[in-house]
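Text of final.pdb (PDB, C-alpha atoms and all ligand atoms) as supplied:
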```pdb
ATOM      1  CA  MET A 108      47.829 -14.750 -43.247  1.00  0.00           C
ATOM      2  CA  LYS A 109      46.992 -18.003 -44.943  1.00  0.00           C
ATOM      3  CA  ALA A 110      43.223 -18.387 -44.578  1.00  0.00           C
ATOM      4  CA  GLY A 111      42.221 -21.283 -42.383  1.00  0.00           C
ATOM      5  CA  SER A 112      45.655 -21.802 -40.836  1.00  0.00           C
ATOM      6  CA  ARG A 113      44.144 -21.098 -37.427  1.00  0.00           C
ATOM      7  CA  LYS A 114      41.412 -23.512 -36.419  1.00  0.00           C
ATOM      8  CA  PRO A 115      38.778 -22.232 -33.988  1.00  0.00           C
ATOM      9  CA  GLU A 116      36.953 -24.678 -31.734  1.00  0.00           C
ATOM     10  CA  PHE A 117      33.766 -22.701 -32.419  1.00  0.00           C
ATOM     11  CA  GLU A 118      32.795 -20.284 -35.176  1.00  0.00           C
ATOM     12  CA  ILE A 119      33.841 -16.692 -34.421  1.00  0.00           C
ATOM     13  CA  GLU A 120      34.263 -13.433 -36.310  1.00  0.00           C
ATOM     14  CA  PRO A 121      36.950 -13.952 -38.995  1.00  0.00           C
ATOM     15  CA  LEU A 122      38.573 -10.634 -37.968  1.00  0.00           C
ATOM     16  CA  ILE A 123      39.573 -12.114 -34.617  1.00  0.00           C
ATOM     17  CA  LEU A 124      41.172 -15.202 -36.141  1.00  0.00           C
ATOM     18  CA  SER A 125      42.984 -13.397 -38.918  1.00  0.00           C
ATOM     19  CA  ARG A 126      44.942 -11.011 -36.635  1.00  0.00           C
ATOM     20  CA  TRP A 127      48.406 -12.256 -35.826  1.00  0.00           C
ATOM     21  CA  SER A 128      51.801 -10.835 -34.936  1.00  0.00           C
ATOM     22  CA  SER A 129      54.033 -11.063 -37.975  1.00  0.00           C
ATOM     23  CA  ARG A 130      57.711 -10.070 -37.857  1.00  0.00           C
ATOM     24  CA  CYS A 131      57.883  -9.338 -41.581  1.00  0.00           C
ATOM     25  CA  LEU A 132      57.629  -5.597 -42.204  1.00  0.00           C
ATOM     26  CA  SER A 133      58.416  -3.442 -45.235  1.00  0.00           C
ATOM     27  CA  GLY A 134      60.420  -0.657 -43.549  1.00  0.00           C
ATOM     28  CA  GLU A 135      58.292   2.033 -45.236  1.00  0.00           C
ATOM     29  CA  ALA A 136      57.605   4.953 -42.867  1.00  0.00           C
ATOM     30  CA  MET A 137      53.931   5.443 -42.026  1.00  0.00           C
ATOM     31  CA  THR A 138      52.255   8.835 -42.134  1.00  0.00           C
ATOM     32  CA  ARG A 139      50.079  10.367 -39.447  1.00  0.00           C
ATOM     33  CA  ASP A 140      47.096   9.881 -41.786  1.00  0.00           C
ATOM     34  CA  GLU A 141      47.842   6.177 -42.102  1.00  0.00           C
ATOM     35  CA  LEU A 142      48.199   5.812 -38.348  1.00  0.00           C
ATOM     36  CA  ALA A 143      45.072   7.826 -37.517  1.00  0.00           C
ATOM     37  CA  PRO A 144      42.551   4.971 -38.071  1.00  0.00           C
ATOM     38  CA  LEU A 145      44.591   2.753 -35.738  1.00  0.00           C
ATOM     39  CA  PHE A 146      44.522   5.363 -32.970  1.00  0.00           C
ATOM     40  CA  GLU A 147      40.835   5.915 -33.691  1.00  0.00           C
ATOM     41  CA  ALA A 148      40.140   2.213 -33.096  1.00  0.00           C
ATOM     42  CA  ALA A 149      42.063   2.407 -29.808  1.00  0.00           C
ATOM     43  CA  ARG A 150      40.006   5.472 -28.897  1.00  0.00           C
ATOM     44  CA  TRP A 151      36.810   3.422 -28.772  1.00  0.00           C
ATOM     45  CA  ALA A 152      38.130   0.778 -26.406  1.00  0.00           C
ATOM     46  CA  PRO A 153      36.156   0.264 -23.202  1.00  0.00           C
ATOM     47  CA  SER A 154      37.779   1.421 -19.951  1.00  0.00           C
ATOM     48  CA  SER A 155      36.945   1.576 -16.273  1.00  0.00           C
ATOM     49  CA  GLY A 156      34.885   4.708 -15.607  1.00  0.00           C
ATOM     50  CA  ASN A 157      35.571   5.655 -19.247  1.00  0.00           C
ATOM     51  CA  LEU A 158      38.837   7.114 -17.941  1.00  0.00           C
ATOM     52  CA  GLN A 159      40.701   6.176 -21.146  1.00  0.00           C
ATOM     53  CA  PRO A 160      44.093   5.901 -19.428  1.00  0.00           C
ATOM     54  CA  TRP A 161      45.989   5.035 -22.635  1.00  0.00           C
ATOM     55  CA  ARG A 162      48.475   7.406 -24.293  1.00  0.00           C
ATOM     56  CA  PHE A 163      50.382   6.689 -27.515  1.00  0.00           C
ATOM     57  CA  VAL A 164      53.653   8.214 -28.665  1.00  0.00           C
ATOM     58  CA  TYR A 165      54.699   7.306 -32.192  1.00  0.00           C
ATOM     59  CA  VAL A 166      58.129   7.543 -33.784  1.00  0.00           C
ATOM     60  CA  VAL A 167      58.719   6.877 -37.487  1.00  0.00           C
ATOM     61  CA  PRO A 168      61.876   5.814 -39.335  1.00  0.00           C
ATOM     62  CA  GLY A 169      63.841   8.859 -40.468  1.00  0.00           C
ATOM     63  CA  SER A 170      62.923  10.791 -37.329  1.00  0.00           C
ATOM     64  CA  ALA A 171      65.805  11.986 -35.129  1.00  0.00           C
ATOM     65  CA  ARG A 172      64.600   9.716 -32.307  1.00  0.00           C
ATOM     66  CA  TRP A 173      64.202   6.508 -34.320  1.00  0.00           C
ATOM     67  CA  ALA A 174      67.643   4.962 -33.718  1.00  0.00           C
ATOM     68  CA  GLU A 175      67.465   5.704 -29.995  1.00  0.00           C
ATOM     69  CA  LEU A 176      64.091   3.999 -29.673  1.00  0.00           C
ATOM     70  CA  VAL A 177      65.159   0.945 -31.697  1.00  0.00           C
ATOM     71  CA  ASP A 178      68.159   0.626 -29.372  1.00  0.00           C
ATOM     72  CA  ILE A 179      65.833   0.460 -26.345  1.00  0.00           C
ATOM     73  CA  LEU A 180      64.264  -2.724 -27.758  1.00  0.00           C
ATOM     74  CA  ALA A 181      65.537  -6.129 -26.662  1.00  0.00           C
ATOM     75  CA  GLU A 182      68.083  -7.516 -29.102  1.00  0.00           C
ATOM     76  CA  GLY A 183      65.701 -10.268 -30.213  1.00  0.00           C
ATOM     77  CA  ASN A 184      63.187  -7.643 -31.302  1.00  0.00           C
ATOM     78  CA  ARG A 185      65.536  -5.193 -32.997  1.00  0.00           C
ATOM     79  CA  TRP A 186      66.168  -7.125 -36.202  1.00  0.00           C
ATOM     80  CA  TRP A 187      62.530  -7.208 -37.232  1.00  0.00           C
ATOM     81  CA  ALA A 188      61.027  -4.214 -35.398  1.00  0.00           C
ATOM     82  CA  SER A 189      63.563  -1.855 -37.009  1.00  0.00           C
ATOM     83  CA  LYS A 190      61.646  -2.535 -40.252  1.00  0.00           C
ATOM     84  CA  ALA A 191      58.425  -1.121 -38.764  1.00  0.00           C
ATOM     85  CA  GLY A 192      56.735   1.869 -40.367  1.00  0.00           C
ATOM     86  CA  ALA A 193      56.248   3.289 -36.869  1.00  0.00           C
ATOM     87  CA  LEU A 194      57.029   2.296 -33.311  1.00  0.00           C
ATOM     88  CA  LEU A 195      54.309   3.167 -30.843  1.00  0.00           C
ATOM     89  CA  LEU A 196      54.944   3.488 -27.145  1.00  0.00           C
ATOM     90  CA  LEU A 197      51.761   2.631 -25.282  1.00  0.00           C
ATOM     91  CA  VAL A 198      51.714   4.438 -21.957  1.00  0.00           C
ATOM     92  CA  SER A 199      49.032   4.269 -19.301  1.00  0.00           C
ATOM     93  CA  ARG A 200      48.114   6.751 -16.615  1.00  0.00           C
ATOM     94  CA  ARG A 201      48.444   4.753 -13.383  1.00  0.00           C
ATOM     95  CA  LEU A 202      48.008   7.458 -10.711  1.00  0.00           C
ATOM     96  CA  LEU A 203      45.030   9.796 -10.552  1.00  0.00           C
ATOM     97  CA  PRO A 204      44.072  12.418  -7.956  1.00  0.00           C
ATOM     98  CA  ASN A 205      41.426  11.237  -5.494  1.00  0.00           C
ATOM     99  CA  ARG A 206      38.186  13.126  -6.194  1.00  0.00           C
ATOM    100  CA  HIS A 207      37.807  14.214  -2.562  1.00  0.00           C
ATOM    101  CA  THR A 208      41.307  14.512  -1.138  1.00  0.00           C
ATOM    102  CA  GLY A 209      43.276  15.270  -4.291  1.00  0.00           C
ATOM    103  CA  GLU A 210      45.871  12.737  -3.190  1.00  0.00           C
ATOM    104  CA  MET A 211      47.371  10.620  -5.953  1.00  0.00           C
ATOM    105  CA  GLN A 212      46.077   7.054  -5.923  1.00  0.00           C
ATOM    106  CA  LEU A 213      46.489   3.952  -8.022  1.00  0.00           C
ATOM    107  CA  GLN A 214      43.915   3.440 -10.785  1.00  0.00           C
ATOM    108  CA  VAL A 215      43.925  -0.348 -10.568  1.00  0.00           C
ATOM    109  CA  SER A 216      42.719  -1.087 -14.105  1.00  0.00           C
ATOM    110  CA  HIS A 217      45.196   1.172 -15.932  1.00  0.00           C
ATOM    111  CA  SER A 218      47.093  -1.686 -17.609  1.00  0.00           C
ATOM    112  CA  PHE A 219      43.948  -3.679 -18.297  1.00  0.00           C
ATOM    113  CA  ASP A 220      42.353  -0.685 -20.047  1.00  0.00           C
ATOM    114  CA  ALA A 221      45.519   0.063 -22.023  1.00  0.00           C
ATOM    115  CA  GLY A 222      45.477  -3.596 -23.104  1.00  0.00           C
ATOM    116  CA  ALA A 223      41.943  -3.160 -24.409  1.00  0.00           C
ATOM    117  CA  ALA A 224      43.127  -0.167 -26.456  1.00  0.00           C
ATOM    118  CA  TRP A 225      46.011  -2.259 -27.842  1.00  0.00           C
ATOM    119  CA  VAL A 226      43.640  -5.003 -28.995  1.00  0.00           C
ATOM    120  CA  CYS A 227      41.323  -2.522 -30.730  1.00  0.00           C
ATOM    121  CA  LEU A 228      44.336  -0.990 -32.490  1.00  0.00           C
ATOM    122  CA  ALA A 229      45.654  -4.420 -33.469  1.00  0.00           C
ATOM    123  CA  GLN A 230      42.301  -5.539 -34.852  1.00  0.00           C
ATOM    124  CA  GLN A 231      42.009  -2.362 -36.925  1.00  0.00           C
ATOM    125  CA  ALA A 232      45.550  -2.810 -38.240  1.00  0.00           C
ATOM    126  CA  SER A 233      44.745  -6.367 -39.254  1.00  0.00           C
ATOM    127  CA  ALA A 234      41.510  -5.292 -40.958  1.00  0.00           C
ATOM    128  CA  SER A 235      43.507  -2.640 -42.862  1.00  0.00           C
ATOM    129  CA  GLY A 236      46.110  -5.171 -44.037  1.00  0.00           C
ATOM    130  CA  LEU A 237      48.782  -3.812 -41.677  1.00  0.00           C
ATOM    131  CA  VAL A 238      51.020  -5.552 -39.155  1.00  0.00           C
ATOM    132  CA  ALA A 239      50.730  -4.552 -35.488  1.00  0.00           C
ATOM    133  CA  HIS A 240      53.046  -6.465 -33.151  1.00  0.00           C
ATOM    134  CA  ALA A 241      53.295  -5.712 -29.428  1.00  0.00           C
ATOM    135  CA  MET A 242      56.616  -6.063 -27.595  1.00  0.00           C
ATOM    136  CA  GLY A 243      57.266  -6.418 -23.893  1.00  0.00           C
ATOM    137  CA  GLY A 244      60.927  -6.987 -24.701  1.00  0.00           C
ATOM    138  CA  PHE A 245      62.451  -3.546 -24.204  1.00  0.00           C
ATOM    139  CA  ASP A 246      64.305  -1.623 -21.506  1.00  0.00           C
ATOM    140  CA  ARG A 247      61.554  -0.101 -19.370  1.00  0.00           C
ATOM    141  CA  ALA A 248      63.816   2.309 -17.506  1.00  0.00           C
ATOM    142  CA  ARG A 249      65.203   3.637 -20.771  1.00  0.00           C
ATOM    143  CA  ALA A 250      61.748   3.878 -22.354  1.00  0.00           C
ATOM    144  CA  THR A 251      60.523   5.832 -19.312  1.00  0.00           C
ATOM    145  CA  ALA A 252      63.503   8.202 -19.620  1.00  0.00           C
ATOM    146  CA  PHE A 253      63.030   8.421 -23.410  1.00  0.00           C
ATOM    147  CA  LEU A 254      59.538   9.813 -22.824  1.00  0.00           C
ATOM    148  CA  GLY A 255      60.416  11.788 -19.684  1.00  0.00           C
ATOM    149  CA  LEU A 256      57.570  10.127 -17.774  1.00  0.00           C
ATOM    150  CA  ASP A 257      56.846  10.993 -14.162  1.00  0.00           C
ATOM    151  CA  GLU A 258      55.444   8.447 -11.700  1.00  0.00           C
ATOM    152  CA  ARG A 259      51.860   9.028 -12.855  1.00  0.00           C
ATOM    153  CA  TYR A 260      52.603   7.110 -16.032  1.00  0.00           C
ATOM    154  CA  GLN A 261      53.803   3.645 -16.986  1.00  0.00           C
ATOM    155  CA  VAL A 262      55.100   2.331 -20.307  1.00  0.00           C
ATOM    156  CA  GLU A 263      53.105  -0.797 -21.157  1.00  0.00           C
ATOM    157  CA  VAL A 264      54.434  -2.024 -24.491  1.00  0.00           C
ATOM    158  CA  VAL A 265      56.168  -0.881 -27.628  1.00  0.00           C
ATOM    159  CA  ILE A 266      54.143  -1.716 -30.737  1.00  0.00           C
ATOM    160  CA  ALA A 267      55.681  -2.217 -34.154  1.00  0.00           C
ATOM    161  CA  VAL A 268      53.233  -1.162 -36.850  1.00  0.00           C
ATOM    162  CA  GLY A 269      53.753  -1.227 -40.571  1.00  0.00           C
ATOM    163  CA  LYS A 270      53.037  -2.509 -44.008  1.00  0.00           C
ATOM    164  CA  PRO A 271      53.744  -6.220 -44.485  1.00  0.00           C
ATOM    165  CA  GLY A 272      57.186  -6.923 -45.884  1.00  0.00           C
ATOM    166  CA  ASP A 273      58.339  -9.403 -48.501  1.00  0.00           C
ATOM    167  CA  PRO A 274      58.937 -12.803 -46.852  1.00  0.00           C
ATOM    168  CA  ALA A 275      61.767 -13.315 -49.376  1.00  0.00           C
ATOM    169  CA  ASN A 276      63.778 -10.801 -47.322  1.00  0.00           C
ATOM    170  CA  LEU A 277      63.686 -13.091 -44.277  1.00  0.00           C
ATOM    171  CA  THR A 278      66.124 -15.923 -43.685  1.00  0.00           C
ATOM    172  CA  ASP A 279      64.702 -19.433 -44.116  1.00  0.00           C
ATOM    173  CA  GLU A 280      64.521 -19.828 -40.341  1.00  0.00           C
ATOM    174  CA  GLN A 281      62.795 -16.468 -39.854  1.00  0.00           C
ATOM    175  CA  ARG A 282      60.311 -17.270 -42.621  1.00  0.00           C
ATOM    176  CA  GLU A 283      59.471 -20.642 -41.087  1.00  0.00           C
ATOM    177  CA  ARG A 284      58.783 -18.994 -37.739  1.00  0.00           C
ATOM    178  CA  ASP A 285      56.725 -16.156 -39.210  1.00  0.00           C
ATOM    179  CA  VAL A 286      53.391 -17.948 -39.197  1.00  0.00           C
ATOM    180  CA  PRO A 287      50.266 -17.632 -37.041  1.00  0.00           C
ATOM    181  CA  ASN A 288      50.542 -19.712 -33.865  1.00  0.00           C
ATOM    182  CA  GLY A 289      47.861 -21.707 -32.039  1.00  0.00           C
ATOM    183  CA  ARG A 290      46.079 -21.533 -28.710  1.00  0.00           C
ATOM    184  CA  ARG A 291      45.383 -23.728 -25.695  1.00  0.00           C
ATOM    185  CA  PRO A 292      41.950 -25.391 -25.853  1.00  0.00           C
ATOM    186  CA  GLN A 293      39.117 -23.775 -23.880  1.00  0.00           C
ATOM    187  CA  ALA A 294      38.908 -26.844 -21.629  1.00  0.00           C
ATOM    188  CA  GLU A 295      42.247 -25.834 -20.070  1.00  0.00           C
ATOM    189  CA  TRP A 296      41.125 -22.386 -18.907  1.00  0.00           C
ATOM    190  CA  VAL A 297      37.312 -22.170 -18.872  1.00  0.00           C
ATOM    191  CA  PHE A 298      35.818 -23.559 -15.667  1.00  0.00           C
ATOM    192  CA  LYS A 299      32.241 -23.931 -14.467  1.00  0.00           C
ATOM    193  CA  ASP A 300      31.457 -22.860 -10.896  1.00  0.00           C
ATOM    194  CA  SER A 301      34.938 -23.307  -9.383  1.00  0.00           C
ATOM    195  CA  PHE A 302      38.460 -22.330 -10.244  1.00  0.00           C
ATOM    196  CA  VAL A 303      40.944 -25.039 -11.164  1.00  0.00           C
ATOM    197  CA  PRO A 304      44.550 -23.994 -10.487  1.00  0.00           C
ATOM    198  CA  ASP A 305      47.379 -25.098 -12.751  1.00  0.00           C
ATOM    199  CA  ALA A 306      49.143 -28.327 -11.745  1.00  0.00           C
ATOM    200  CA  GLY A 307      52.593 -26.740 -11.636  1.00  0.00           C
TER     201      GLY A 307
HETATM  202  C1  LIG B   1      52.310  -7.787 -23.729  1.00  0.00           C
HETATM  203  C2  LIG B   1      52.919  -8.494 -24.913  1.00  0.00           C
HETATM  204  C3  LIG B   1      54.291  -8.570 -25.024  1.00  0.00           C
HETATM  205  C4  LIG B   1      54.871  -9.194 -26.139  1.00  0.00           C
HETATM  206  N1  LIG B   1      56.232  -9.150 -26.286  1.00  0.00           N
HETATM  207  C5  LIG B   1      56.788  -9.604 -27.452  1.00  0.00           C
HETATM  208  C6  LIG B   1      58.170  -9.416 -27.708  1.00  0.00           C
HETATM  209  O1  LIG B   1      58.908  -8.794 -26.924  1.00  0.00           O
HETATM  210  N2  LIG B   1      58.669  -9.897 -28.874  1.00  0.00           N
HETATM  211  C7  LIG B   1      57.894 -10.551 -29.788  1.00  0.00           C
HETATM  212  O2  LIG B   1      58.413 -10.938 -30.833  1.00  0.00           O
HETATM  213  N3  LIG B   1      56.557 -10.726 -29.573  1.00  0.00           N
HETATM  214  C8  LIG B   1      55.995 -10.260 -28.441  1.00  0.00           C
HETATM  215  N4  LIG B   1      54.642 -10.392 -28.230  1.00  0.00           N
HETATM  216  C9  LIG B   1      53.802 -11.094 -29.227  1.00  0.00           C
HETATM  217  C10 LIG B   1      53.305 -12.430 -28.670  1.00  0.00           C
HETATM  218  O3  LIG B   1      54.352 -13.363 -28.685  1.00  0.00           O
HETATM  219  C11 LIG B   1      52.103 -12.900 -29.529  1.00  0.00           C
HETATM  220  O4  LIG B   1      51.053 -11.973 -29.374  1.00  0.00           O
HETATM  221  C12 LIG B   1      51.642 -14.294 -29.108  1.00  0.00           C
HETATM  222  O5  LIG B   1      52.614 -15.260 -29.422  1.00  0.00           O
HETATM  223  C13 LIG B   1      50.359 -14.658 -29.827  1.00  0.00           C
HETATM  224  O6  LIG B   1      50.550 -14.581 -31.203  1.00  0.00           O
HETATM  225  P1  LIG B   1      49.660 -13.665 -32.140  1.00  0.00           P
HETATM  226  O7  LIG B   1      49.744 -12.245 -31.632  1.00  0.00           O
HETATM  227  O8  LIG B   1      50.269 -13.824 -33.500  1.00  0.00           O
HETATM  228  O9  LIG B   1      48.248 -14.167 -32.067  1.00  0.00           O
HETATM  229  C14 LIG B   1      54.045  -9.791 -27.131  1.00  0.00           C
HETATM  230  C15 LIG B   1      52.660  -9.723 -26.995  1.00  0.00           C
HETATM  231  C16 LIG B   1      52.095  -9.080 -25.906  1.00  0.00           C
HETATM  232  C17 LIG B   1      50.577  -8.993 -25.811  1.00  0.00           C
END
```
Could you write out this structure as structure tokens?
Amino acid sequence: MKAGSRKPEFEIEPLILSRWSSRCLSGEAMTRDELAPLFEAARWAPSSGNLQPWRFVYVVPGSARWAELVDILAEGNRWWASKAGALLLLVSRRLLPNRHTGEMQLQVSHSFDAGAAWVCLAQQASASGLVAHAMGGFDRARATAFLGLDERYQVEVVIAVGKPGDPANLTDEQRERDVPNGRRPQAEWVFKDSFVPDAG
């Protein structure tokens, strides 16, 4: 990322500002060793009761399941995410047995905790010079079937991870769009004492 192209309102850790979701990937398959530090970062995410409800399944290009997984992605994601070095399915455990009755019950923070793991992974990827780009645009029913998940689990996102590609391989339009975006100012969503709902 071009240094300084994101302007914070207040000084923060450069690591936070420099992470962004590029769509320019090299297509080179990643190894388990290269992925391990990313999973390790996710491992240290905070979670409710330290339950660590996240699960990751990774598929790399060249694997028998690669084409099937790419096909599950929304069309708008396929063109760039098919150049990932790995696609990660982030799954969370949503139902847990009640400690006393053994009955399955909803663990309310399962998605929130999985989101924390995603951010840790993304920050580590960024620090390691890798792209990590989350996608909600995929067929959830097909992803659930792809993994053979039962009702205890939920697919949260698919994450494209990989080495940065050469921007010269993008079209002009794709290259123009492949830049870090901005954020709403704090004044729009930080409130003192009382909540202020959106106008619309
Ligand atoms: C849950 C989630 C779903 C997303 N889905 C998609 C997606 O389907 N396709 C895509 O290109 N980007 C997707 N993104 C990336 C967001 O558009 C991106 O994070 C946001 O614009 C902020 O940009 P940044 O990550 O570069 O800071 C998703 C991000 C999240 C967290």
What are the nearest atom pairs, with distances in Å to one decimal, for all residues of chain A that come at most 7 Å from ligand LIG 1 (chain B), using all atoms listed in the file, set out by chain and rising residue number as CSV?
```
residue,atom,partner,partner_atom,distance
A:Arg126,CA,B:LIG1,O9,6.5
A:Trp127,CA,B:LIG1,O8,3.4
A:Ser128,CA,B:LIG1,O8,3.7
A:Ser129,CA,B:LIG1,O8,6.5
A:Asn184,CA,B:LIG1,N2,5.6
A:His240,CA,B:LIG1,C9,6.1
A:Ala241,CA,B:LIG1,C15,4.7
A:Met242,CA,B:LIG1,N1,3.4
A:Gly243,CA,B:LIG1,N1,3.8
A:Gly244,CA,B:LIG1,O1,3.5
A:Phe245,CA,B:LIG1,O1,6.9
A:Val264,CA,B:LIG1,C1,6.2
A:Pro287,CA,B:LIG1,O8,5.2
A:Asn288,CA,B:LIG1,O6,5.8
```
CA of Arg249 in chain A to CA of Val262 in chain A, distance in Å rounded to a single decimal: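 Calculated distance between CA of Arg249 in chain A and CA of Val262 in chain A is 10.2 Å.
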Using only C-alpha atoms for the distances, tell me which of A:Ser133, A:Gln159, A:Ser189, A:Gln281 is nearest to Gly222 in chain A.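 Using only C-alpha atoms, the shortest distance to Gly222 in chain A belongs to A:Gln159.
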What is the distance between CA of Ala275 in chain A and CA of Gly183 in chain A, in Å to one decimal? 19.8 Å
For Val265 in chain A, the nearest of the candidates A:Cys227, A:Gly236, A:Ala188, A:Lys299, counting only C-alpha atoms: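 Closest to Val265 in chain A of all the choices is A:Ala188.
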With 4 Å added on each side, what axis-aligned box encloses every listed atom of range 114-119 of chain A? Give the centre and edge lengths in Å to one decimal, as AutoDock Vina command-line options.
```
--center_x 37.1 --center_y -20.7 --center_z -34.1 --size_x 16.6 --size_y 16.0 --size_z 12.7
```
Can you measure CA of Met137 in chain A to CA of Leu194 in chain A for me? One decimal in Å is fine.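 Straight-line distance from CA of Met137 in chain A to CA of Leu194 in chain A works out to 9.8 Å.
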Which residues are close to Pro271 in chain A, i.e. within 7 Å by all atoms listed in the file, leaving aside same-chain residues fewer than 6 positions away? Reply as a VMD selection string. chain A and resid 131 to 133 237 to 238
Which residues come within 9 Å of range 251-253 of chain A, counting only C-alpha atoms, excluding same-chain residues fewer than 4 positions away, as a list of chain:residue names?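 Here the answer would be A:Glu175, A:Leu176, A:Ile179, A:Asp246, A:Arg247, A:Asp257, A:Tyr260, A:Gln261, A:Val262.
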Counting all atoms listed in the file, which residues have an atom no more than 9 Å from (51.1, 1.9, -20.6) in the file's coordinates? Please list them as a tab-separated table (two decimals) with C-alpha atoms, in the frame of the given file.
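The result, written out as part.tsv:
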```tsv
chain	number	residue	atom	x	y	z
A	160	PRO	CA	44.09	5.90	-19.43
A	161	TRP	CA	45.99	5.04	-22.64
A	162	ARG	CA	48.48	7.41	-24.29
A	163	PHE	CA	50.38	6.69	-27.52
A	196	LEU	CA	54.94	3.49	-27.14
A	197	LEU	CA	51.76	2.63	-25.28
A	198	VAL	CA	51.71	4.44	-21.96
A	199	SER	CA	49.03	4.27	-19.30
A	200	ARG	CA	48.11	6.75	-16.61
A	201	ARG	CA	48.44	4.75	-13.38
A	217	HIS	CA	45.20	1.17	-15.93
A	218	SER	CA	47.09	-1.69	-17.61
A	221	ALA	CA	45.52	0.06	-22.02
A	222	GLY	CA	45.48	-3.60	-23.10
A	260	TYR	CA	52.60	7.11	-16.03
A	261	GLN	CA	53.80	3.64	-16.99
A	262	VAL	CA	55.10	2.33	-20.31
A	263	GLU	CA	53.10	-0.80	-21.16
A	264	VAL	CA	54.43	-2.02	-24.49
```
Exactly which residues make up the result of the PyMOL selection byres (((chain A and resi 168) around 10) and not hetatm) on this file, given as a ChimeraX atom specification? /A:134-137,166-167,169-174,177,189-194
For the PyMOL selection byres (((chain A and resi 151) around 12) and not hetatm), applied here, can you spell out every residue it catches as number ranges by chain? A: 144-150, 152-154, 157-159, 161, 220-221, 223-228, 231
Writing out the chosen residues with C-alpha atoms as a PDB file, keeping the file's coordinate frame:
```
ATOM      1  CA  PRO A 144      42.551   4.971 -38.071  1.00  0.00           C
ATOM      2  CA  LEU A 145      44.591   2.753 -35.738  1.00  0.00           C
ATOM      3  CA  PHE A 146      44.522   5.363 -32.970  1.00  0.00           C
ATOM      4  CA  GLU A 147      40.835   5.915 -33.691  1.00  0.00           C
ATOM      5  CA  ALA A 148      40.140   2.213 -33.096  1.00  0.00           C
ATOM      6  CA  ALA A 149      42.063   2.407 -29.808  1.00  0.00           C
ATOM      7  CA  ARG A 150      40.006   5.472 -28.897  1.00  0.00           C
ATOM      8  CA  ALA A 152      38.130   0.778 -26.406  1.00  0.00           C
ATOM      9  CA  PRO A 153      36.156   0.264 -23.202  1.00  0.00           C
ATOM     10  CA  SER A 154      37.779   1.421 -19.951  1.00  0.00           C
ATOM     11  CA  ASN A 157      35.571   5.655 -19.247  1.00  0.00           C
ATOM     12  CA  LEU A 158      38.837   7.114 -17.941  1.00  0.00           C
ATOM     13  CA  GLN A 159      40.701   6.176 -21.146  1.00  0.00           C
ATOM     14  CA  TRP A 161      45.989   5.035 -22.635  1.00  0.00           C
ATOM     15  CA  ASP A 220      42.353  -0.685 -20.047  1.00  0.00           C
ATOM     16  CA  ALA A 221      45.519   0.063 -22.023  1.00  0.00           C
ATOM     17  CA  ALA A 223      41.943  -3.160 -24.409  1.00  0.00           C
ATOM     18  CA  ALA A 224      43.127  -0.167 -26.456  1.00  0.00           C
ATOM     19  CA  TRP A 225      46.011  -2.259 -27.842  1.00  0.00           C
ATOM     20  CA  VAL A 226      43.640  -5.003 -28.995  1.00  0.00           C
ATOM     21  CA  CYS A 227      41.323  -2.522 -30.730  1.00  0.00           C
ATOM     22  CA  LEU A 228      44.336  -0.990 -32.490  1.00  0.00           C
ATOM     23  CA  GLN A 231      42.009  -2.362 -36.925  1.00  0.00           C
TER      24      GLN A 231
END
```
So, counting only C-alpha atoms, which residue among A:Ala306, A:Ala234, A:Ala250, A:Leu203 is closest to Pro121 in chain A? A:Ala234
Please determine, counting only C-alpha atoms, which residue among A:Leu202, A:Ala232, A:Val215, A:Val286 has the shortest atom-to-atom distance to Arg259 in chain A.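 With only C-alpha atoms as the atom set, the closest residue is A:Leu202.
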